[in-house]
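Source file: start.csv (CSV, C-alpha atoms and all ligand atoms)
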chain,number,residue,atom,x,y,z
E,1252,MET,CA,155.8,65.9,-164.3
E,1253,LEU,CA,153.8,66.0,-167.5
E,1254,LEU,CA,153.2,69.3,-169.4
E,1255,ILE,CA,150.3,69.4,-171.8
E,1256,LYS,CA,151.0,72.5,-173.9
E,1257,ASN,CA,149.5,74.4,-176.8
E,1258,GLY,CA,146.0,72.9,-176.3
E,1259,ARG,CA,142.6,74.5,-176.0
E,1260,VAL,CA,141.3,73.8,-172.5
E,1261,ILE,CA,137.5,73.3,-172.3
E,1262,ASP,CA,136.3,72.7,-168.7
E,1263,PRO,CA,132.6,73.2,-168.2
E,1264,ALA,CA,133.0,73.1,-164.4
E,1265,SER,CA,135.1,76.2,-164.3
E,1266,LYS,CA,133.5,77.7,-167.5
E,1267,THR,CA,137.0,77.7,-169.1
E,1268,ASP,CA,137.5,77.8,-172.9
E,1269,ALA,CA,140.9,79.1,-173.5
E,1270,ALA,CA,144.4,78.4,-174.8
E,1271,MET,CA,146.3,77.1,-171.7
E,1272,ASP,CA,149.1,74.9,-170.7
E,1273,VAL,CA,148.4,72.3,-168.1
E,1274,LEU,CA,151.0,71.0,-165.7
E,1275,LEU,CA,150.5,67.6,-164.0
E,1276,ASP,CA,152.6,66.4,-161.1
E,1277,GLY,CA,152.2,62.8,-160.2
E,1278,GLU,CA,148.5,61.9,-159.8
E,1279,LEU,CA,147.3,65.5,-159.5
E,1280,VAL,CA,147.0,68.6,-161.6
E,1281,LYS,CA,149.6,71.1,-160.4
E,1282,GLU,CA,148.8,74.3,-162.2
E,1283,LEU,CA,147.2,75.8,-165.3
E,1284,GLY,CA,148.8,78.8,-167.0
E,1285,ALA,CA,148.9,80.9,-170.1
E,1286,PRO,CA,150.7,79.3,-173.1
E,1287,GLY,CA,154.4,79.2,-172.5
E,1288,LYS,CA,154.1,79.8,-168.8
E,1289,PHE,CA,156.0,76.6,-167.9
E,1290,ALA,CA,158.6,76.9,-170.7
E,1291,ALA,CA,161.4,77.2,-168.2
E,1292,LEU,CA,160.7,73.7,-166.7
E,1293,LYS,CA,163.5,71.4,-167.8
E,1294,ASP,CA,162.5,68.0,-166.5
E,1295,ALA,CA,158.9,67.7,-167.5
E,1296,GLU,CA,157.7,65.3,-170.1
E,1297,ILE,CA,155.9,67.2,-172.8
E,1298,PHE,CA,152.7,66.4,-174.7
E,1299,ASP,CA,152.1,68.8,-177.6
E,1300,ALA,CA,148.4,69.3,-177.9
E,1301,VAL,CA,148.5,71.9,-180.6
E,1302,GLY,CA,145.2,72.0,-182.4
E,1303,MET,CA,143.6,69.7,-179.8
E,1304,ILE,CA,141.0,70.1,-177.1
E,1305,VAL,CA,142.1,69.4,-173.5
E,1306,ALA,CA,139.3,68.4,-171.3
E,1307,PRO,CA,138.7,66.8,-167.9
E,1308,GLY,CA,138.8,63.0,-168.0
E,1309,PHE,CA,135.8,61.5,-169.7
E,1310,ILE,CA,133.6,59.2,-167.6
E,1311,ASP,CA,131.5,56.4,-169.1
E,1312,LEU,CA,128.6,55.8,-166.8
E,1313,HIS,CA,127.4,52.6,-168.4
E,1314,VAL,CA,129.6,49.8,-169.6
E,1315,HIS,CA,129.9,46.0,-169.5
E,1316,LEU,CA,133.4,44.5,-168.9
E,1317,ARG,CA,132.1,40.9,-168.7
E,1318,GLU,CA,134.5,39.9,-165.9
E,1319,PRO,CA,134.0,37.8,-163.9
E,1320,GLY,CA,132.3,35.0,-165.9
E,1321,GLN,CA,132.4,35.9,-169.6
E,1322,GLU,CA,136.1,36.5,-170.2
E,1323,SER,CA,135.9,35.2,-173.7
E,1324,SER,CA,133.9,38.3,-174.6
E,1325,GLU,CA,135.9,40.9,-172.6
E,1326,THR,CA,138.0,41.3,-169.5
E,1327,ILE,CA,138.7,44.2,-167.2
E,1328,GLU,CA,142.1,44.5,-168.9
E,1329,THR,CA,140.9,44.5,-172.5
E,1330,GLY,CA,137.7,46.5,-171.8
E,1331,THR,CA,139.6,49.3,-170.1
E,1332,LYS,CA,142.2,49.3,-172.9
E,1333,SER,CA,139.4,49.9,-175.3
E,1334,ALA,CA,137.9,52.5,-173.1
E,1335,ALA,CA,141.3,54.4,-172.9
E,1336,ARG,CA,141.5,54.2,-176.7
E,1337,GLY,CA,138.1,55.8,-176.8
E,1338,GLY,CA,139.2,58.7,-174.6
E,1339,PHE,CA,137.7,57.5,-171.3
E,1340,THR,CA,139.6,57.8,-168.0
E,1341,ALA,CA,136.9,56.1,-165.8
E,1342,VAL,CA,134.2,53.6,-166.5
E,1343,CYS,CA,131.3,52.4,-164.4
E,1344,CYS,CA,130.8,48.7,-165.0
E,1345,MET,CA,127.3,47.1,-164.8
E,1346,PRO,CA,126.6,44.2,-162.4
E,1347,ASN,CA,125.3,41.6,-164.9
E,1348,THR,CA,128.4,39.5,-164.7
E,1349,LYS,CA,128.4,35.8,-163.9
E,1350,PRO,CA,127.9,35.5,-161.0
E,1351,VAL,CA,125.9,38.7,-160.7
E,1352,HIS,CA,127.8,41.5,-158.9
E,1353,ASP,CA,125.6,41.7,-155.8
E,1354,ASN,CA,128.1,41.3,-152.9
E,1355,ALA,CA,131.2,42.8,-151.5
E,1356,SER,CA,133.6,40.0,-152.5
E,1357,ILE,CA,132.9,40.6,-156.2
E,1358,THR,CA,133.3,44.3,-155.7
E,1359,ARG,CA,136.7,43.7,-154.1
E,1360,PHE,CA,137.6,41.4,-157.0
E,1361,ILE,CA,136.7,44.0,-159.6
E,1362,VAL,CA,138.4,46.8,-157.8
E,1363,ASP,CA,141.6,44.8,-157.2
E,1364,LYS,CA,141.8,43.5,-160.7
E,1365,ALA,CA,141.2,47.0,-162.1
E,1366,ARG,CA,144.0,48.4,-160.0
E,1367,MET,CA,146.4,45.7,-161.3
E,1368,VAL,CA,145.6,45.6,-165.0
E,1369,GLY,CA,143.1,48.4,-165.7
E,1370,ALA,CA,144.0,51.1,-168.2
E,1371,THR,CA,141.3,53.4,-166.7
E,1372,ARG,CA,139.6,53.8,-163.3
E,1373,VAL,CA,136.8,51.3,-162.8
E,1374,TRP,CA,133.9,52.1,-160.6
E,1375,PRO,CA,131.7,49.1,-160.2
E,1376,ILE,CA,127.9,49.4,-160.0
E,1377,GLY,CA,126.2,46.9,-157.7
E,1378,ALA,CA,123.0,45.0,-158.6
E,1379,ALA,CA,120.2,47.1,-157.2
E,1380,SER,CA,119.4,49.0,-160.3
E,1381,GLN,CA,117.0,47.6,-162.8
E,1382,HIS,CA,116.3,47.7,-166.5
E,1383,SER,CA,113.6,50.0,-167.9
E,1384,GLU,CA,111.7,47.4,-169.9
E,1385,ASP,CA,108.2,46.1,-169.6
E,1386,VAL,CA,108.6,42.3,-169.9
E,1387,SER,CA,105.2,41.6,-171.3
E,1388,LEU,CA,105.5,44.3,-174.0
E,1389,ALA,CA,109.1,43.3,-174.9
E,1390,ALA,CA,108.7,39.5,-174.8
E,1391,GLY,CA,110.5,37.8,-177.6
E,1392,ALA,CA,111.2,41.1,-179.4
E,1393,VAL,CA,114.6,41.7,-181.0
E,1394,MET,CA,114.1,45.2,-182.4
E,1395,ARG,CA,111.7,48.2,-182.4
E,1396,GLU,CA,108.2,47.5,-183.7
E,1397,GLY,CA,107.5,49.3,-187.0
E,1398,VAL,CA,107.7,49.1,-190.8
E,1399,THR,CA,111.3,47.8,-190.7
E,1400,SER,CA,110.6,45.0,-188.2
E,1401,THR,CA,107.7,43.9,-190.4
E,1402,ARG,CA,109.8,44.0,-193.5
E,1403,LEU,CA,112.6,42.0,-191.9
E,1404,GLY,CA,110.2,39.6,-190.4
E,1405,LEU,CA,111.6,40.2,-186.9
E,1406,ARG,CA,109.5,40.6,-183.8
E,1407,GLY,CA,109.3,44.2,-182.6
E,1408,MET,CA,108.7,45.8,-179.2
E,1409,PRO,CA,106.8,49.1,-179.0
E,1410,ALA,CA,108.4,52.3,-177.6
E,1411,ALA,CA,106.0,51.9,-174.6
E,1412,ALA,CA,108.0,48.9,-173.5
E,1413,GLU,CA,110.5,51.5,-172.2
E,1414,SER,CA,108.3,54.5,-171.5
E,1415,VAL,CA,105.8,52.8,-169.2
E,1416,CYS,CA,108.6,51.7,-167.0
E,1417,VAL,CA,110.2,55.2,-166.9
E,1418,ALA,CA,106.7,56.6,-166.0
E,1419,ARG,CA,106.4,54.1,-163.2
E,1420,ASP,CA,110.0,54.8,-161.9
E,1421,VAL,CA,109.4,58.6,-162.0
E,1422,GLN,CA,106.3,58.1,-159.9
E,1423,LEU,CA,108.2,56.0,-157.4
E,1424,ALA,CA,111.0,58.7,-157.3
E,1425,GLN,CA,108.2,61.2,-156.5
E,1426,LEU,CA,106.8,59.0,-153.8
E,1427,THR,CA,110.0,58.2,-152.1
E,1428,ARG,CA,111.8,61.5,-152.8
E,1429,GLY,CA,114.6,59.2,-154.0
E,1430,ARG,CA,117.1,59.7,-156.9
E,1431,LEU,CA,116.4,58.1,-160.2
E,1432,HIS,CA,118.9,57.7,-163.1
E,1433,VAL,CA,117.4,56.3,-166.3
E,1434,ALA,CA,120.0,54.3,-168.2
E,1435,HIS,CA,120.2,54.2,-172.0
E,1436,LEU,CA,117.0,56.2,-172.6
E,1437,SER,CA,115.9,55.7,-176.2
E,1438,ALA,CA,112.2,56.7,-176.6
E,1439,LYS,CA,110.6,60.2,-177.0
E,1440,GLY,CA,107.9,59.2,-174.5
E,1441,SER,CA,110.5,58.3,-171.9
E,1442,LEU,CA,112.3,61.7,-172.3
E,1443,GLU,CA,109.0,63.5,-171.9
E,1444,GLN,CA,108.6,61.7,-168.5
E,1445,VAL,CA,112.1,62.8,-167.5
E,1446,ARG,CA,111.4,66.4,-168.6
E,1447,ALA,CA,108.2,66.5,-166.6
E,1448,ALA,CA,110.0,65.1,-163.6
E,1449,LYS,CA,112.8,67.7,-163.8
E,1450,ALA,CA,110.2,70.5,-164.2
E,1451,GLN,CA,108.7,69.3,-160.9
E,1452,GLY,CA,112.1,69.5,-159.2
E,1453,LEU,CA,112.5,65.7,-158.8
E,1454,ARG,CA,116.0,64.3,-158.7
E,1455,VAL,CA,115.8,62.5,-162.0
E,1456,THR,CA,118.6,62.2,-164.6
E,1457,CYS,CA,119.1,60.2,-167.7
E,1458,GLU,CA,121.7,59.1,-170.2
E,1459,VAL,CA,121.6,58.5,-174.0
E,1460,THR,CA,124.0,56.3,-176.1
E,1461,PRO,CA,125.8,57.4,-179.3
E,1462,HIS,CA,124.1,54.7,-181.3
E,1463,HIS,CA,120.7,55.9,-180.3
E,1464,PHE,CA,121.4,59.5,-181.5
E,1465,THR,CA,123.1,58.2,-184.7
E,1466,LEU,CA,121.1,55.2,-186.0
E,1467,ILE,CA,117.3,54.5,-186.3
E,1468,ASP,CA,115.3,51.4,-186.8
E,1469,GLU,CA,115.3,51.9,-190.6
E,1470,ASP,CA,119.1,51.4,-190.5
E,1471,VAL,CA,118.7,47.8,-189.0
E,1472,ARG,CA,119.7,45.1,-191.4
E,1473,TYR,CA,119.5,41.3,-190.9
E,1474,ASP,CA,122.9,41.6,-189.1
E,1475,SER,CA,123.3,41.1,-185.4
E,1476,ARG,CA,125.6,44.1,-185.1
E,1477,PHE,CA,122.4,46.1,-185.2
E,1478,LYS,CA,120.8,44.2,-182.3
E,1479,MET,CA,120.9,46.0,-179.0
E,1480,ASN,CA,118.7,46.8,-176.1
E,1481,PRO,CA,116.9,49.1,-176.1
E,1482,PRO,CA,116.7,48.7,-179.8
E,1483,LEU,CA,117.3,51.4,-182.4
E,1484,ALA,CA,114.3,53.6,-182.3
E,1485,ALA,CA,112.2,55.7,-184.7
E,1486,ARG,CA,113.4,58.8,-186.5
E,1487,GLU,CA,111.2,61.0,-184.2
E,1488,ASP,CA,112.8,59.4,-181.1
E,1489,ARG,CA,116.2,60.3,-182.4
E,1490,GLU,CA,115.2,63.9,-183.0
E,1491,ALA,CA,113.8,64.1,-179.5
E,1492,LEU,CA,117.0,62.7,-178.0
E,1493,ILE,CA,119.1,65.2,-179.9
E,1494,ALA,CA,116.9,68.1,-178.7
E,1495,GLY,CA,117.3,66.8,-175.2
E,1496,LEU,CA,121.0,66.5,-175.5
E,1497,ALA,CA,121.1,70.1,-176.7
E,1498,ASP,CA,118.8,71.7,-174.1
E,1499,GLY,CA,119.8,69.9,-171.0
E,1500,ALA,CA,117.0,67.3,-170.6
E,1501,VAL,CA,119.6,64.6,-171.2
E,1502,ASP,CA,122.4,64.7,-168.6
E,1503,VAL,CA,124.9,62.2,-169.9
E,1504,ILE,CA,126.3,60.4,-173.0
E,1505,ALA,CA,127.1,56.8,-172.0
E,1506,THR,CA,128.2,54.1,-174.4
E,1507,ASP,CA,126.6,50.9,-173.0
E,1508,HIS,CA,129.7,49.2,-174.3
E,1509,ALA,CA,128.4,45.6,-174.6
E,1510,PRO,CA,130.9,43.2,-176.0
E,1511,HIS,CA,130.0,39.7,-177.2
E,1512,GLU,CA,132.5,37.4,-178.7
E,1513,PRO,CA,132.0,36.4,-182.4
E,1514,ALA,CA,131.0,32.8,-181.5
E,1515,LEU,CA,127.9,34.3,-179.6
E,1516,LYS,CA,127.1,37.2,-181.9
E,1517,ASP,CA,127.7,35.6,-185.4
E,1518,VAL,CA,124.4,33.7,-185.4
E,1519,GLU,CA,120.8,34.4,-186.6
E,1520,PHE,CA,119.4,37.7,-185.5
E,1521,ASP,CA,116.9,36.1,-183.2
E,1522,ARG,CA,119.4,34.1,-181.4
E,1523,ALA,CA,122.2,36.7,-181.0
E,1524,PRO,CA,122.6,38.5,-177.7
E,1525,PHE,CA,121.8,42.2,-177.4
E,1526,GLY,CA,124.6,44.8,-177.4
E,1527,ILE,CA,127.4,46.5,-179.4
E,1528,LEU,CA,130.8,47.9,-178.7
E,1529,GLY,CA,130.8,51.5,-177.7
E,1530,PHE,CA,134.1,53.0,-176.4
E,1531,GLU,CA,136.2,53.8,-179.5
E,1532,THR,CA,133.5,55.5,-181.6
E,1533,ALA,CA,131.8,57.6,-178.9
E,1534,ILE,CA,133.8,60.8,-179.3
E,1535,ALA,CA,133.8,60.6,-183.1
E,1536,LEU,CA,130.0,59.9,-183.3
E,1537,THR,CA,129.3,62.8,-180.9
E,1538,LEU,CA,131.4,65.2,-183.0
E,1539,GLU,CA,129.8,63.9,-186.3
E,1540,GLN,CA,126.2,63.8,-185.2
E,1541,LEU,CA,126.0,66.6,-182.7
E,1542,VAL,CA,128.8,69.1,-182.9
E,1543,GLN,CA,129.6,69.2,-186.6
E,1544,THR,CA,125.9,69.5,-187.3
E,1545,ARG,CA,125.8,72.5,-184.8
E,1546,LYS,CA,123.2,70.8,-182.6
E,1547,ILE,CA,125.4,71.3,-179.5
E,1548,SER,CA,128.6,73.2,-178.7
E,1549,LEU,CA,132.0,71.6,-177.9
E,1550,ALA,CA,131.6,72.8,-174.3
E,1551,ARG,CA,128.2,71.0,-174.1
E,1552,MET,CA,129.8,67.9,-175.5
E,1553,VAL,CA,132.5,68.0,-172.8
E,1554,GLU,CA,129.8,68.5,-170.2
E,1555,LEU,CA,127.9,65.4,-171.3
E,1556,PHE,CA,131.0,63.3,-170.8
E,1557,THR,CA,132.4,64.9,-167.7
E,1558,THR,CA,130.4,67.1,-165.3
E,1559,GLY,CA,127.2,65.3,-166.4
E,1560,PRO,CA,128.1,61.8,-165.3
E,1561,ALA,CA,130.1,63.2,-162.3
E,1562,ARG,CA,126.9,64.9,-161.0
E,1563,VAL,CA,125.0,61.6,-161.3
E,1564,LEU,CA,127.8,59.9,-159.3
E,1565,GLY,CA,127.8,62.8,-156.7
E,1566,MET,CA,131.3,63.9,-157.6
E,1567,GLU,CA,133.2,66.8,-159.3
E,1568,ARG,CA,135.1,66.7,-162.5
E,1569,LYS,CA,137.4,69.5,-163.6
E,1570,VAL,CA,140.9,70.4,-164.7
E,1571,ALA,CA,142.1,72.5,-161.8
E,1572,ALA,CA,145.0,72.6,-159.4
E,1573,GLY,CA,144.8,69.8,-156.8
E,1574,GLN,CA,142.3,67.7,-158.8
E,1575,PRO,CA,143.1,64.2,-160.0
E,1576,ALA,CA,145.3,64.3,-163.2
E,1577,ASP,CA,142.7,62.7,-165.4
E,1578,VAL,CA,142.6,64.4,-168.8
E,1579,THR,CA,141.1,63.6,-172.2
E,1580,ILE,CA,142.7,65.1,-175.2
E,1581,PHE,CA,140.8,65.0,-178.5
E,1582,SER,CA,140.8,66.4,-182.0
E,1583,THR,CA,137.9,67.8,-183.9
E,1584,THR,CA,139.7,67.5,-187.3
E,1585,HIS,CA,141.8,64.3,-187.3
E,1586,GLU,CA,140.5,62.0,-190.1
E,1587,TRP,CA,140.5,58.3,-189.5
E,1588,THR,CA,138.7,55.1,-190.3
E,1589,TYR,CA,137.4,52.9,-187.5
E,1590,ASN,CA,138.7,49.3,-188.0
E,1591,VAL,CA,137.2,47.1,-185.3
E,1592,ASN,CA,140.1,44.6,-185.9
E,1593,ASP,CA,142.5,47.1,-184.4
E,1594,SER,CA,140.6,47.2,-181.1
E,1595,PRO,CA,142.1,45.8,-177.9
E,1596,SER,CA,138.5,44.6,-177.1
E,1597,LYS,CA,138.0,40.8,-177.3
E,1598,SER,CA,134.8,41.4,-179.3
E,1599,ARG,CA,134.1,42.8,-182.8
E,1600,ASN,CA,130.4,43.6,-182.6
E,1601,SER,CA,130.2,47.1,-184.0
E,1602,PRO,CA,127.9,48.4,-186.7
E,1603,PHE,CA,130.3,51.3,-187.2
E,1604,ASP,CA,133.2,49.1,-188.5
E,1605,GLY,CA,134.8,50.7,-191.6
E,1606,ARG,CA,133.2,54.2,-191.0
E,1607,THR,CA,135.4,57.2,-191.6
E,1608,PHE,CA,135.3,60.0,-189.1
E,1609,LYS,CA,136.5,63.6,-188.7
E,1610,GLY,CA,137.6,63.9,-185.0
E,1611,ALA,CA,139.1,61.4,-182.6
E,1612,PRO,CA,140.5,60.8,-179.1
E,1613,MET,CA,144.2,61.7,-179.2
E,1614,ALA,CA,145.4,60.9,-175.7
E,1615,THR,CA,144.0,59.6,-172.5
E,1616,ILE,CA,145.7,60.5,-169.2
E,1617,VAL,CA,144.8,58.7,-166.0
E,1618,ALA,CA,146.3,59.7,-162.7
E,1619,GLY,CA,149.1,61.6,-164.5
E,1620,ARG,CA,150.0,58.7,-166.8
E,1621,ILE,CA,149.4,58.6,-170.6
E,1622,LYS,CA,147.3,55.4,-171.0
E,1623,TYR,CA,146.6,55.9,-174.7
E,1624,ARG,CA,148.1,58.0,-177.4
E,1625,ARG,CA,147.0,58.0,-181.0
E,1626,GLN,CA,150.0,57.4,-183.3
C,1701,ZN,ZN,123.9,48.0,-170.5
Structure encoded using structure tokens:
Amino acid sequence: MLLIKNGRVIDPASKTDAAMDVLLDGELVKELGAPGKFAALKDAEIFDAVGMIVAPGFIDLHVHLREPGQESSETIETGTKSAARGGFTAVCCMPNTKPVHDNASITRFIVDKARMVGATRVWPIGAASQHSEDVSLAAGAVMREGVTSTRLGLRGMPAAAESVCVARDVQLAQLTRGRLHVAHLSAKGSLEQVRAAKAQGLRVTCEVTPHHFTLIDEDVRYDSRFKMNPPLAAREDREALIAGLADGAVDVIATDHAPHEPALKDVEFDRAPFGILGFETAIALTLEQLVQTRKISLARMVELFTTGPARVLGMERKVAAGQPADVTIFSTTHEWTYNVNDSPSKSRNSPFDGRTFKGAPMATIVAGRIKYRRQ
């Protein structure tokens, strides 16, 4: 048994925000109780969470683990180790592997491999989904179109490259009464489409990445660590995303963790692949950009990483008796500096390398086992 004591439990599913001790037994949560309730237990391993937040296990709805096919950039083992270090207990890996994940034998491979070497749960996504990007508007572009793209001499794509696709997909969701989840939404116009769809009662959800609510196109330097897709957007897009994260128009924070080994990424901006690492800075960036600025509450933050993605997947996520013992423990005060060279990831492509944060993942518990613990 594992006893997490002295923590502040925040669980949006049960509307809990209270000092409680949590007792885990094997792969399940056994019981929650007032601080000290389980003091008489002699044989339980103890995690002292004093001063920390204890939350349901964080889910990352959008990640790239690169296996099979691009194991020099990441593997299921190294990617999930990095995820656990970022506070995630489950990740949904995208199908753009080599070969593409579009059949059951690859699903089986990923699931088996994750069971053997994964530090987190891995829920693979099959190739039926598509990318919200208009090919003709985005052709050859490497960043968002604007003053900065002109100054850097880089080809830009307009915000409409994303929003026209979201508009089309929303209309198709309306036509088919189907479900639509918009991945890595970055433009104000796209969010307006999602808002309108939700107001009509359509089953439309969306996710936003930490880099899109932290950085903007003006931050882009001639450095491929600032190259991702969708590209960093304009200031007014970021403001709209933050408003949506606060008021519920955005359902999920997902990292779009996209590792590329140095040999691929350390080239001219135009030639580098799109994408940046995401796991290990997600909690800290959310605290820095959204919670410490009082744009959202801690409970809302936990929701965006737990019940939000769980709802998109059609599942529940909470810390309650009988539920899977997946728990994310984080601090809102721990000061640290992100050094990408400490990462278990095989790649180093983060624009946040060297950044100092207040707040960090402290422990990640998957099926009752501590998979990461900050030293
Ligand atoms: Zn992606």
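Straight-line separation from CA of Lys1449 (chain E) to CA of Ile1493 (chain E): 17.5 Å.
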- [ ] Set the cut-off to 9 Å, count all atoms listed in the file, and list whatever residues fall near ligand ZN 1701 (chain C) as number ranges by chain.
- [x] E: 1313-1315, 1344-1345, 1347, 1382, 1434-1435, 1480, 1506-1509, 1526
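You can rank E:Met1408, E:Ala1450, E:Leu1492, E:Val1578 by their closest distance to Ala1438 (chain E) using all atoms listed in the file, and at the top of that list sits E:Leu1492.
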TODO: Counting only C-alpha atoms, write as JSON, numbers by chain all protein and nucleic acid residues lying at most 7 Å from (140.3, 62.2, -178.1) in the file's frame.
DONE: {"E": [1337, 1338, 1534, 1579, 1580, 1581, 1582, 1611, 1612, 1613, 1614]}
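You will find CA of Ile1255 (chain E) at 25.2 Å from CA of Val1368 (chain E).
Excluding region 1349-1356 of chain E itself and any same-chain residue fewer than 2 positions from it, the protein and nucleic acid residues within 7 Å of it, counting all atoms listed in the file, are Pro1319, Gly1320, Gln1321, Pro1346, Asn1347, Thr1358, Arg1359, Phe1360, Gly1377 and Ala1378 of chain E.
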Open item on the list: Show me the residues around (115.4, 48.0, -187.5) - criterion: an atom at most 12 Å away, all atoms listed in the file counted - as a PyMOL selection string.
Closed with: chain E and resi 1392-1408+1463+1466-1486+1520
- [ ] Skip Glu1512 (chain E) itself and residues of its chain fewer than 6 positions away, then list as a ChimeraX atom specification all residues within 9 Å of it, counting all atoms listed in the file.
- [x] /E:1323-1325,1597-1600
Let's have the selection written as a PDB file, in the coordinates of the input, with C-alpha atoms.
ATOM      1  CA  SER E1323     135.900  35.200-173.700  1.00  0.00           C
ATOM      2  CA  SER E1324     133.900  38.300-174.600  1.00  0.00           C
ATOM      3  CA  GLU E1325     135.900  40.900-172.600  1.00  0.00           C
ATOM      4  CA  LYS E1597     138.000  40.800-177.300  1.00  0.00           C
ATOM      5  CA  SER E1598     134.800  41.400-179.300  1.00  0.00           C
ATOM      6  CA  ARG E1599     134.100  42.800-182.800  1.00  0.00           C
ATOM      7  CA  ASN E1600     130.400  43.600-182.600  1.00  0.00           C
TER       8      ASN E1600
END
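The closest residue to Leu1275 (chain E), picked from E:Arg1562, E:Arg1454, E:Lys1293, E:Lys1256 and counting only C-alpha atoms, is E:Lys1256.
Among the candidates E:Ala1370, E:Ala1411, E:Leu1555, E:Met1303, the residue lying nearest to Val1386 (chain E) is E:Ala1411 (atoms considered: all atoms listed in the file).
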TODO: Find, counting only C-alpha atoms, the residue in E:Val1273, E:Val1570, E:Ala1500, E:Ala1335 that gets nearest to Arg1624 (chain E).
DONE: E:Ala1335
